[in-house]
Each structure stands twice: as structure tokens, then as C-alpha cells.
>>> print(open('structure18.cif').read())   # mmCIF, C-alpha atoms
data_entry
loop_
_atom_site.label_atom_id
_atom_site.label_comp_id
_atom_site.auth_asym_id
_atom_site.auth_seq_id
_atom_site.Cartn_x
_atom_site.Cartn_y
_atom_site.Cartn_z
CA MET A 1 39.76 155.51 134.87
CA ILE A 2 36.16 156.47 134.14
CA SER A 3 35.83 159.82 132.38
CA ILE A 4 32.93 162.09 133.27
CA SER A 5 31.71 165.00 131.19
CA GLY A 6 28.65 167.11 131.74
CA ALA A 7 26.68 170.06 130.42
CA PRO A 8 23.10 171.31 130.68
CA PRO A 9 20.71 169.56 128.30
CA ASN A 10 19.77 171.51 125.23
CA SER A 11 18.36 169.08 122.70
CA LEU A 12 15.90 166.22 122.42
CA LEU A 13 16.99 162.92 120.96
CA PRO A 14 15.70 162.32 117.45
CA GLY A 15 12.75 160.05 116.76
CA PRO A 16 11.87 158.43 120.10
CA PRO A 17 9.58 155.50 119.32
CA PRO A 18 6.20 155.16 121.02
CA PRO A 19 5.83 152.74 123.95
CA PRO A 20 6.03 149.72 124.65
CA TYR A 21 9.09 150.89 126.57
CA TYR A 22 8.30 151.42 130.23
CA ASP A 23 10.82 152.89 132.67
CA ASN A 24 13.18 155.11 130.72
CA TYR A 25 15.10 158.35 130.48
CA SER A 26 15.16 159.33 126.81
CA GLY A 27 16.46 162.86 127.18
CA PRO A 28 16.83 165.75 126.76
CA ALA A 29 20.51 165.10 126.15
CA ASN A 30 23.60 167.07 125.32
CA PRO A 31 26.56 165.86 123.22
CA GLU A 32 28.88 167.10 125.97
CA CYS A 33 27.26 164.99 128.72
CA PHE A 34 28.48 161.39 128.92
CA LEU A 35 30.40 158.72 130.81
CA THR A 36 33.44 157.20 129.08
CA LEU A 37 34.37 153.68 130.17
CA ASP A 38 38.02 152.94 129.35
CA SER A 39 38.87 150.20 131.84
CA SER A 40 37.50 146.80 132.78
CA THR A 41 36.93 148.15 136.30
CA ASP A 42 34.99 151.19 135.07
CA TRP A 43 31.32 150.43 135.64
CA ALA A 44 28.52 152.90 134.91
CA GLY A 45 24.98 152.81 136.21
CA GLN A 46 21.60 154.51 136.23
CA SER A 47 19.12 153.84 138.99
CA PHE A 48 15.36 153.98 138.38
CA THR A 49 12.15 153.31 140.26
CA THR A 50 9.64 151.11 138.47
CA THR A 51 6.28 152.56 137.49
CA THR A 52 4.58 149.15 137.34
CA LYS A 53 5.30 145.42 137.60
CA TYR A 54 6.48 143.83 134.36
CA ASN A 55 8.77 141.26 132.74
CA LEU A 56 11.94 143.04 131.67
CA ALA A 57 12.96 141.67 128.27
CA GLN A 58 15.23 144.32 126.74
CA ILE A 59 17.22 147.45 127.63
CA GLU A 60 18.35 150.14 125.21
CA LEU A 61 21.26 152.51 125.78
CA TRP A 62 21.99 155.76 123.93
CA CYS A 63 25.70 155.11 123.40
CA LYS A 64 28.63 154.88 121.00
CA LYS A 65 32.23 153.68 120.96
CA GLY A 66 35.39 155.68 120.53
CA PRO A 67 36.94 156.07 117.06
CA GLY A 68 38.59 152.79 116.07
CA SER A 69 37.56 151.14 119.32
CA ASN A 70 36.72 147.47 119.76
CA VAL A 71 34.61 147.23 122.89
CA GLY A 72 34.37 143.44 122.75
CA THR A 73 31.49 142.05 124.81
CA VAL A 74 29.72 144.60 126.99
CA TYR A 75 27.42 143.45 129.79
CA VAL A 76 24.18 145.29 130.51
CA GLU A 77 22.78 144.25 133.87
CA VAL A 78 20.03 145.03 136.35
CA TRP A 79 20.92 145.15 140.03
CA ALA A 80 19.05 145.73 143.26
CA VAL A 81 20.11 148.83 145.20
CA ASP A 82 21.05 149.40 148.83
CA GLY A 83 19.78 152.09 151.18
CA ASN A 84 22.03 154.65 149.50
CA GLY A 85 20.75 153.85 146.02
CA HIS A 86 23.96 152.04 144.98
CA PRO A 87 23.95 148.66 143.17
CA THR A 88 24.25 145.81 145.67
CA GLY A 89 24.46 142.01 145.72
CA GLU A 90 24.80 140.53 142.26
CA ALA A 91 23.19 141.01 138.86
CA LEU A 92 19.52 140.01 138.73
CA ALA A 93 19.41 139.99 134.93
CA ARG A 94 22.05 140.31 132.23
CA GLY A 95 22.35 140.78 128.51
CA THR A 96 25.29 141.32 126.16
CA ILE A 97 26.14 143.91 123.52
CA LEU A 98 28.78 142.97 120.98
CA ASP A 99 31.29 145.30 119.39
CA ALA A 100 29.49 145.07 116.04
CA ASP A 101 26.28 146.35 117.69
CA VAL A 102 27.87 149.67 118.70
CA SER A 103 28.73 152.33 116.12
CA GLU A 104 31.01 155.35 116.42
CA ASP A 105 27.94 157.60 116.33
CA TYR A 106 25.30 157.82 119.02
CA SER A 107 22.33 155.50 118.57
CA TRP A 108 19.93 153.45 120.64
CA VAL A 109 21.67 150.08 121.13
CA SER A 110 19.35 147.27 122.23
CA CYS A 111 20.30 144.47 124.57
CA ASP A 112 18.16 141.36 125.17
CA MET A 113 18.22 140.32 128.82
CA ASP A 114 18.89 136.64 128.25
CA THR A 115 22.38 135.72 129.43
CA PHE A 116 21.09 133.81 132.46
CA SER A 117 19.17 131.39 130.14
CA CYS A 118 15.96 133.21 130.94
CA THR A 119 14.36 135.66 128.52
CA TYR A 120 12.97 138.04 131.11
CA TYR A 121 13.25 139.23 134.70
CA VAL A 122 10.18 140.26 136.69
CA LEU A 123 10.57 143.80 138.03
CA ASN A 124 8.31 144.62 140.97
CA ALA A 125 6.26 147.81 141.05
CA ALA A 126 7.50 150.91 142.93
CA THR A 127 10.92 149.30 143.43
CA LYS A 128 14.32 150.84 142.81
CA TYR A 129 16.82 149.07 140.58
CA CYS A 130 19.98 150.07 138.74
CA VAL A 131 21.06 149.46 135.14
CA VAL A 132 24.78 148.65 135.24
CA VAL A 133 27.08 148.65 132.19
CA GLN A 134 30.59 147.16 132.15
CA GLY A 135 32.95 145.41 129.78
CA PRO A 136 35.81 143.03 130.62
CA THR A 137 37.89 144.11 127.60
CA LEU A 138 37.31 147.86 127.79
CA GLY A 139 40.47 149.96 127.96
CA VAL A 140 42.50 152.63 126.24
CA PRO A 141 41.84 153.07 123.34
CA ASN A 142 38.83 150.70 123.32
CA THR A 143 36.21 152.88 124.97
CA LEU A 144 32.45 152.84 125.40
CA ILE A 145 30.63 156.16 125.74
CA TRP A 146 27.18 156.27 127.40
CA ALA A 147 25.32 159.56 127.05
CA CYS A 148 23.48 161.33 129.85
CA GLY A 149 21.30 164.36 130.54
CA GLY A 150 22.95 167.15 132.46
CA ASP A 151 20.71 168.58 135.18
CA GLY A 152 18.95 165.57 136.69
CA SER A 153 15.64 167.38 137.09
CA ASP A 154 14.02 165.60 134.14
CA TYR A 155 14.20 162.09 135.62
CA PRO A 156 12.85 161.60 139.16
CA ASN A 157 13.64 158.72 141.50
CA GLY A 158 16.91 157.77 139.82
CA ASP A 159 20.51 158.97 139.47
CA GLN A 160 23.78 158.41 137.68
CA GLU A 161 26.07 155.84 139.36
CA TRP A 162 29.71 155.06 138.64
CA THR A 163 32.64 153.10 140.04
CA ILE A 164 36.30 152.75 139.06
CA ASN A 165 36.98 149.57 141.04
CA GLY A 166 34.59 147.04 139.54
CA GLY A 167 31.67 147.76 141.83
CA GLY A 168 33.63 147.96 145.07
CA THR A 169 32.75 151.59 145.75
CA TRP A 170 29.97 153.50 144.04
CA THR A 171 29.53 157.25 143.58
CA THR A 172 26.16 158.91 142.92
CA ASP A 173 25.68 162.06 140.87
CA THR A 174 22.20 163.49 141.40
CA THR A 175 22.70 166.11 138.69
CA ARG A 176 22.99 163.65 135.80
CA ASP A 177 20.97 160.76 134.39
CA GLN A 178 22.10 158.15 131.87
CA LEU A 179 19.88 157.58 128.83
CA PHE A 180 18.14 154.20 128.87
CA ARG A 181 14.88 152.44 128.03
CA CYS A 182 13.41 149.29 129.58
CA TYR A 183 11.13 147.16 127.40
CA PRO A 184 8.70 144.55 128.73
CA SER A 185 8.09 141.15 127.21
CA GLU A 186 4.89 140.80 125.22
CA PHE A 187 3.59 138.21 127.66
CA MET A 188 2.37 138.72 131.22
CA ASP A 189 2.31 135.97 133.88
CA ASN A 190 4.66 133.25 132.72
CA TYR A 191 7.38 130.80 133.50
CA SER A 192 9.72 130.52 130.55
CA GLY A 193 12.33 128.31 132.21
CA THR A 194 15.90 128.62 133.39
CA GLU A 195 17.58 125.48 132.10
CA LEU A 196 18.16 123.74 128.77
CA PRO A 197 17.41 121.16 127.60
CA PHE A 198 13.97 121.07 129.13
CA VAL A 199 12.58 117.94 130.74
CA ALA A 200 8.94 117.09 130.19
CA VAL A 201 5.87 115.30 131.51
CA LYS A 202 4.30 112.76 129.16
CA LEU A 203 0.50 112.74 128.85
CA ASP A 204 -0.54 109.43 127.25
CA HIS A 205 -4.06 108.84 128.52
CA ALA A 206 -7.34 110.74 128.32
CA ASN A 207 -7.38 110.88 132.13
CA ASP A 208 -3.87 112.38 132.34
CA TRP A 209 -4.39 116.04 133.20
CA ALA A 210 -1.50 118.40 133.95
CA GLY A 211 -1.61 121.85 135.51
CA GLN A 212 0.48 124.81 136.57
CA SER A 213 -0.64 127.34 139.16
CA PHE A 214 0.40 131.00 139.20
CA ILE A 215 -0.45 134.28 140.92
CA ALA A 216 -1.58 137.11 138.63
CA MET A 217 0.99 139.90 138.61
CA LYS A 218 -1.69 142.49 137.83
CA SER A 219 -5.31 142.72 136.73
CA TYR A 220 -5.64 142.18 132.99
CA ILE A 221 -7.76 140.47 130.33
CA LEU A 222 -6.32 137.07 129.46
CA ASN A 223 -6.89 136.05 125.86
CA ARG A 224 -4.04 133.66 125.00
CA ILE A 225 -1.83 131.06 126.66
CA ASP A 226 1.33 129.57 125.16
CA ILE A 227 2.52 126.10 126.18
CA LEU A 228 6.00 124.67 125.50
CA MET A 229 5.08 121.25 124.11
CA GLU A 230 5.62 118.56 121.48
CA LYS A 231 4.08 115.30 120.34
CA GLY A 232 5.57 112.05 119.17
CA VAL A 233 6.51 111.73 115.48
CA GLY A 234 3.52 110.41 113.54
CA ASP A 235 1.18 110.76 116.51
CA PHE A 236 -2.41 111.93 116.24
CA VAL A 237 -3.24 113.66 119.50
CA GLY A 238 -6.55 115.22 118.51
CA ASP A 239 -7.68 118.38 120.23
CA ILE A 240 -5.61 119.48 123.21
CA HIS A 241 -7.76 121.37 125.70
CA ILE A 242 -6.40 124.30 127.71
CA GLY A 243 -8.40 125.56 130.67
CA LEU A 244 -7.98 128.30 133.26
CA TYR A 245 -9.34 127.54 136.72
CA HIS A 246 -9.52 128.96 140.20
CA VAL A 247 -7.67 126.92 142.83
CA ASP A 248 -9.35 125.20 145.75
CA GLU A 249 -8.45 125.40 149.45
CA ASN A 250 -5.51 123.05 148.82
CA GLU A 251 -4.35 125.21 145.88
CA HIS A 252 -5.20 122.48 143.35
CA PRO A 253 -7.15 123.31 140.15
CA ASP A 254 -10.81 123.74 141.11
CA ILE A 255 -12.30 121.54 138.41
CA VAL A 256 -15.65 121.32 140.21
CA GLY A 257 -16.00 125.09 140.01
CA GLY A 258 -15.65 124.95 136.23
CA ALA A 259 -13.27 126.56 133.76
CA LEU A 260 -12.97 130.34 133.77
CA ALA A 261 -11.57 130.40 130.24
CA THR A 262 -11.01 127.70 127.64
CA GLY A 263 -9.13 127.14 124.42
CA VAL A 264 -8.20 124.32 122.03
CA ILE A 265 -4.97 123.46 120.24
CA ASN A 266 -5.56 121.35 117.13
CA ASP A 267 -3.51 118.25 116.40
CA ALA A 268 -1.95 119.91 113.34
CA ASP A 269 -0.63 122.76 115.51
CA VAL A 270 1.25 120.52 117.94
CA PRO A 271 4.88 120.20 116.71
CA THR A 272 7.09 117.13 116.87
CA ASP A 273 9.92 119.23 118.33
CA PHE A 274 9.52 121.40 121.42
CA ALA A 275 8.13 124.83 120.61
CA TRP A 276 5.91 127.48 122.14
CA VAL A 277 2.40 126.65 120.94
CA PRO A 278 -0.16 129.48 121.20
CA CYS A 279 -3.74 128.85 122.26
CA SER A 280 -6.45 131.50 121.89
CA MET A 281 -8.55 131.63 125.05
CA SER A 282 -12.00 132.98 125.75
CA ASP A 283 -11.43 136.37 127.40
CA TYR A 284 -11.22 136.39 131.18
CA ASN A 285 -10.42 139.24 133.59
CA LEU A 286 -7.62 138.12 135.90
CA VAL A 287 -7.46 139.84 139.29
CA VAL A 288 -4.10 140.94 140.69
CA ASP A 289 -2.58 138.73 143.43
CA THR A 290 -5.16 135.99 142.79
CA LYS A 291 -4.01 132.40 142.27
CA TYR A 292 -5.14 130.49 139.17
CA ALA A 293 -4.22 127.22 137.48
CA ILE A 294 -3.69 126.34 133.83
CA VAL A 295 -4.80 122.78 132.98
CA VAL A 296 -3.83 120.78 129.85
CA HIS A 297 -5.39 117.50 128.69
CA GLY A 298 -6.62 115.66 125.57
CA PHE A 299 -9.44 113.16 125.16
CA SER A 300 -7.67 111.39 122.26
CA LEU A 301 -4.39 110.80 124.08
CA ASN A 302 -3.28 107.20 124.51
CA ALA A 303 -0.17 105.03 124.76
CA THR A 304 0.76 105.57 121.11
CA ASN A 305 -0.52 109.13 120.67
CA PHE A 306 0.84 111.39 123.37
CA ILE A 307 2.15 114.87 124.14
CA TYR A 308 4.94 116.25 126.30
CA TRP A 309 4.65 119.47 128.32
CA GLY A 310 8.06 120.92 129.08
CA TYR A 311 8.99 121.81 132.65
CA ASP A 312 11.90 123.11 134.67
CA ASN A 313 13.03 121.43 137.88
CA ASN A 314 15.01 124.36 139.28
CA ALA A 315 12.11 125.56 141.48
CA GLU A 316 12.77 129.11 140.29
CA PHE A 317 9.08 129.99 139.91
CA GLU A 318 7.83 131.12 143.31
CA ASP A 319 4.21 131.94 142.45
CA GLY A 320 2.95 128.44 141.67
CA ASP A 321 3.59 124.71 141.35
CA MET A 322 3.25 121.79 138.96
CA GLU A 323 -0.08 119.94 139.33
CA TRP A 324 -0.99 116.50 137.95
CA SER A 325 -3.94 114.13 137.90
CA THR A 326 -4.38 110.61 136.52
CA ASP A 327 -8.17 110.46 136.93
CA GLY A 328 -9.36 113.33 134.77
CA GLY A 329 -9.02 116.03 137.41
CA GLY A 330 -10.68 114.15 140.25
CA ALA A 331 -7.65 114.07 142.53
CA TRP A 332 -4.53 116.21 142.20
CA GLY A 333 -0.91 115.88 143.25
CA THR A 334 1.53 118.77 143.58
CA THR A 335 5.24 118.83 142.74
CA ALA A 336 6.64 121.99 144.31
CA LEU A 337 10.17 121.57 142.93
CA GLN A 338 9.07 121.53 139.29
CA ASP A 339 7.17 124.04 137.15
CA PHE A 340 5.56 123.70 133.73
CA LEU A 341 6.48 126.28 131.12
CA PHE A 342 3.71 128.68 130.13
CA ARG A 343 3.05 132.26 129.04
CA CYS A 344 -0.12 134.30 129.50
CA TYR A 345 -0.98 137.15 127.13
CA SER A 346 -3.28 140.11 127.57
CA ALA A 347 -5.94 141.33 125.17
#
>>> encode(input="structure18.cif", output="C-alpha cells")
Amino acid sequence: MISISGAPPNSLLPGPPPPPYYDNYSGPANPECFLTLDSSTDWAGQSFTTTTKYNLAQIELWCKKGPGSNVGTVYVEVWAVDGNGHPTGEALARGTILDADVSEDYSWVSCDMDTFSCTYYVLNAATKYCVVVQGPTLGVPNTLIWACGGDGSDYPNGDQEWTINGGGTWTTDTTRDQLFRCYPSEFMDNYSGTELPFVAVKLDHANDWAGQSFIAMKSYILNRIDILMEKGVGDFVGDIHIGLYHVDENEHPDIVGGALATGVINDADVPTDFAWVPCSMSDYNLVVDTKYAIVVHGFSLNATNFIYWGYDNNAEFEDGDMEWSTDGGGAWGTTALQDFLFRCYSA
């Protein structure tokens, strides 16, 4: 049975760090205001409305465990909400907190959102979601305690949620708000993949050009692109060229229009085992909701000196497609069911 305690807030939490956390309720809090989860069917939640669009990478909870408790593995999830503001459907993103991560004194406990083999989830702007916390081995006396603020007026567009039947029926308390912080990834537009091991496209000719299109999530200054890639052992691949392009009327890279931004990865920086390889780009102002294409090629590539660009064939990335050319960007083919792995960074 979930245990609810409440009192008016009367103190600020110590030492809140500066951003980069985005959506959050960091207090004020009161030691007498909390939810105690002491059953596997006790689930606690806090709804929130996003202030911007971003990749959710980590969630922090102001929480503790009961004296002598072993909370096992605790799941921290993000759910969509229904018309009543309750969690609905299934978890969109999930991370885990282990017993060793939680002390018997209140602290901010961080949780990476990576259980679904993906290191982020894209939250849309001005959209309501709910952070849900539950643990399959919680019970008496192994309890998890999640602190809250007591009057609800300090956090707009979100409320405390709780259920005692594993999400079957939810109750909202508009007078309380659970303490949480959402952190974005350091990268912006990206596709980081959903399956391991990654498969890859081999580029082994100077005329082999590969591309990945995407739609800018917001307007920002692009100054770096990371590519998940490797080269053959002992290979000399020379300079690998990375270009950003508009797309043409067929949504292929518009090579004729010229590169909007360029960068070079040196041979020495290309690993022989798959890794994220950064490439500094000339600054370019991306415009929100505009489609672009990243293009990768190398003039020194040949049958014995080649690179692989990792891709995912789950078709999870909805904002773009894999592009390929065997004549140096003259003609392009599209593979809609596969997506190259990339990350764009802002200046």
C-alpha cells in the first residue's frame, strides 16, 4: 500500500546545480511531504509539461530508502498522459536505479534513460508527460521514499500521480508535486540507434558517398557532427569529408546547391573499432523544421582502404532516411528502412 504524507513547504533544497536541467521541480520541499512505495504495485508519478523540445538523457529524483531497506532495481520511466493527466499506454523511455545508488538520507539520485538500448528519448515541446517510478522488489520493509512539495502552487502544469495496482487506476493530487529534474543530452538532432550490434555500410571507393537526412528539431548553430564509424585494421583512409546539405525536391542531398557546412576527419582519428568520431564543422544556422542531409565520403577510399558507417535497420528514426550514391553524389538512392547513426551538436 502506497503511503502518502504531506505538509506545506518550508525549506529549499540545498545546493541546486545550475542548468543544464530543463523541466524540473526542485522544491521548496518539506521533510514531512513524501510518497512511500512499499509494494511492487505501488507506482508513483509526477506529470510535467515540456518547456522546449529536447533529447531526454537523464532524470534525477530527490529520494531515499527506508532504514535497512534493499530496494533492488527501481525503474524510472517517462509515459504519455491521457486526457485526465494520468499515465497511459506504455513507457516511452526507461532507466534503472540500483539499491546501491540510493542512500538512507535524501539526495538527488540520477538515472540514465537507457534501458531500451537508446540513450535518449525526444520530448516534444509544450507536451505533457509523466515521470513514473516503480520497483518490482519493493515491499515491507524494503521501501523507497520520494519527496514532494506540499502546496502544488510552485509547479504549474503538472501534478502528483499515484497508483496501488500497478498502473491500473491512477489518482491525481493537485496539491503536491514530486521533486524531479530532467536533463537533456549534450547533442541535438541525432539518431543514436536502437539495436546492438550495429550493422554498417562499407565505403570502399572515392565515388561511394553516403548520407543521412534529418529534420532540425529547433533553430540552432551547428558546429560539430559525430559519426559512428570504423576503418579496417591497417587501412589508410586519408581525409574523410563530412558535409551538410539542403535536400532537393526528391529529398536527396542537394550536392549541386553546395555544402552548407563542412568538416574533415583525419585518418588517424578513425578507429579500427566502432566509436563515435567527432568532426568539427564550419558554423551553420539550422532552421527549425527544415530538412537537411549529412554526407560522408573520402577521396582516398579504395578496395583495401575503406570505412564503415554504422546504421540501424529498425526504421525508428522518423525524420529522415539513409541516402547512398556510387557516382560521387550524382545520383542518389534512398533506403527508408535503415538510418545511419549521427549526432549534431550546437555551438
>>> closest_residue(input="structure18.cif", among="A:Tyr120, A:Gly333, A:Cys130, A:Arg94", to="Tyr183 of chain A", atoms="all atoms listed in the file")
A:Tyr120
>>> closest_atom_pairs(input="structure18.cif", of="segment 132-200 of chain A", to="segment 79-82 of chain A", cutoff="12 Å", atoms="all atoms listed in the file", output="CSV")
residue,atom,partner,partner_atom,distance
A:Val132,CA,A:Trp79,CA,7.1
A:Val133,CA,A:Trp79,CA,10.6
A:Gly158,CA,A:Val81,CA,10.9
A:Asp159,CA,A:Val81,CA,11.7
A:Glu161,CA,A:Val81,CA,10.9
A:Gly167,CA,A:Trp79,CA,11.2
A:Trp170,CA,A:Asp82,CA,10.9
A:Thr172,CA,A:Val81,CA,12.0
>>> residues_near_point(input="structure18.cif", point="(1.1, 126.2, 125.6)", cutoff="9 Å", atoms="all atoms listed in the file", output="ChimeraX atom specification")
/A:225-229,242,265,275-279,296,309,341-343
>>> resolve_selection(input="structure18.cif", expression="the PyMOL selection byres ((chain A and resi 328-330) around 7)", output="PyMOL selection string")
chain A and resi 207-209+255+325-327+331-332
>>> atom_distance(input="structure18.cif", atom1="atom CA of Lys291 of chain A", atom2="atom CA of Ile215 of chain A")
4.2 Å
>>> residues_around(input="structure18.cif", residues="Gly234 of chain A", least_positions_apart="4", cutoff="10 Å", atoms="all atoms listed in the file", output="PyMOL selection string")
chain A and resi 272+304-305
>>> residues_around(input="structure18.cif", residues="Thr41 of chain A", least_positions_apart="5", cutoff="9 Å", atoms="only C-alpha atoms", output="ChimeraX atom specification")
/A:1-2,134-136,138,163-167
>>> closest_residue(input="structure18.cif", among="A:Ser213, A:Ser185, A:Thr49, A:Asn70", to="Val131 of chain A", atoms="all atoms listed in the file")
A:Thr49
>>> closest_residue(input="structure18.cif", among="A:His205, A:His241, A:His246, A:His297", to="Ser280 of chain A", atoms="all atoms listed in the file")
A:His241
>>> closest_residue(input="structure18.cif", among="A:Glu90, A:Asp204, A:Glu230, A:Asp23", to="Val270 of chain A", atoms="all atoms listed in the file")
A:Glu230
>>> atom_distance(input="structure18.cif", atom1="atom CA of Asp319 of chain A", atom2="atom CA of Leu92 of chain A")
17.7 Å
>>> atom_distance(input="structure18.cif", atom1="atom CA of Gly95 of chain A", atom2="atom CA of Ala216 of chain A")
26.2 Å
>>> residues_around(input="structure18.cif", residues="Asp112 of chain A", least_positions_apart="2", cutoff="7 Å", atoms="all atoms listed in the file", output="PDB file with C-alpha atoms, in the frame of the given file")
ATOM      1  CA  ALA A  57      12.960 141.670 128.270  1.00  0.00           C
ATOM      2  CA  GLN A  58      15.230 144.320 126.740  1.00  0.00           C
ATOM      3  CA  ILE A  59      17.220 147.450 127.630  1.00  0.00           C
ATOM      4  CA  GLY A  95      22.350 140.780 128.510  1.00  0.00           C
ATOM      5  CA  SER A 110      19.350 147.270 122.230  1.00  0.00           C
ATOM      6  CA  ASP A 114      18.890 136.640 128.250  1.00  0.00           C
TER       7      ASP A 114
END
>>> closest_residue(input="structure18.cif", among="A:Ala200, A:Ala336, A:Leu286, A:Val237", to="Glu251 of chain A", atoms="all atoms listed in the file")
A:Ala336
>>> closest_residue(input="structure18.cif", among="A:Ala91, A:Leu301, A:Val199, A:Leu222", to="Asn314 of chain A", atoms="only C-alpha atoms")
A:Val199
>>> resolve_selection(input="structure18.cif", expression="the PyMOL selection byres ((chain A and resi 212) around 10)", output="number ranges by chain")
A: 191, 210-211, 213-214, 244, 252-253, 292-296, 311, 319-324, 334-335, 338-342
>>> residues_near_point(input="structure18.cif", point="(5.7, 109.7, 127.3)", cutoff="8 Å", atoms="all atoms listed in the file", output="NGL selection string")
:A and (201-204 or 303 or 306-308)
>>> residues_around(input="structure18.cif", residues="Gly139 of chain A", least_positions_apart="4", cutoff="6 Å", atoms="only C-alpha atoms", output="list of chain:residue names")
A:Asp38, A:Ser39, A:Thr143
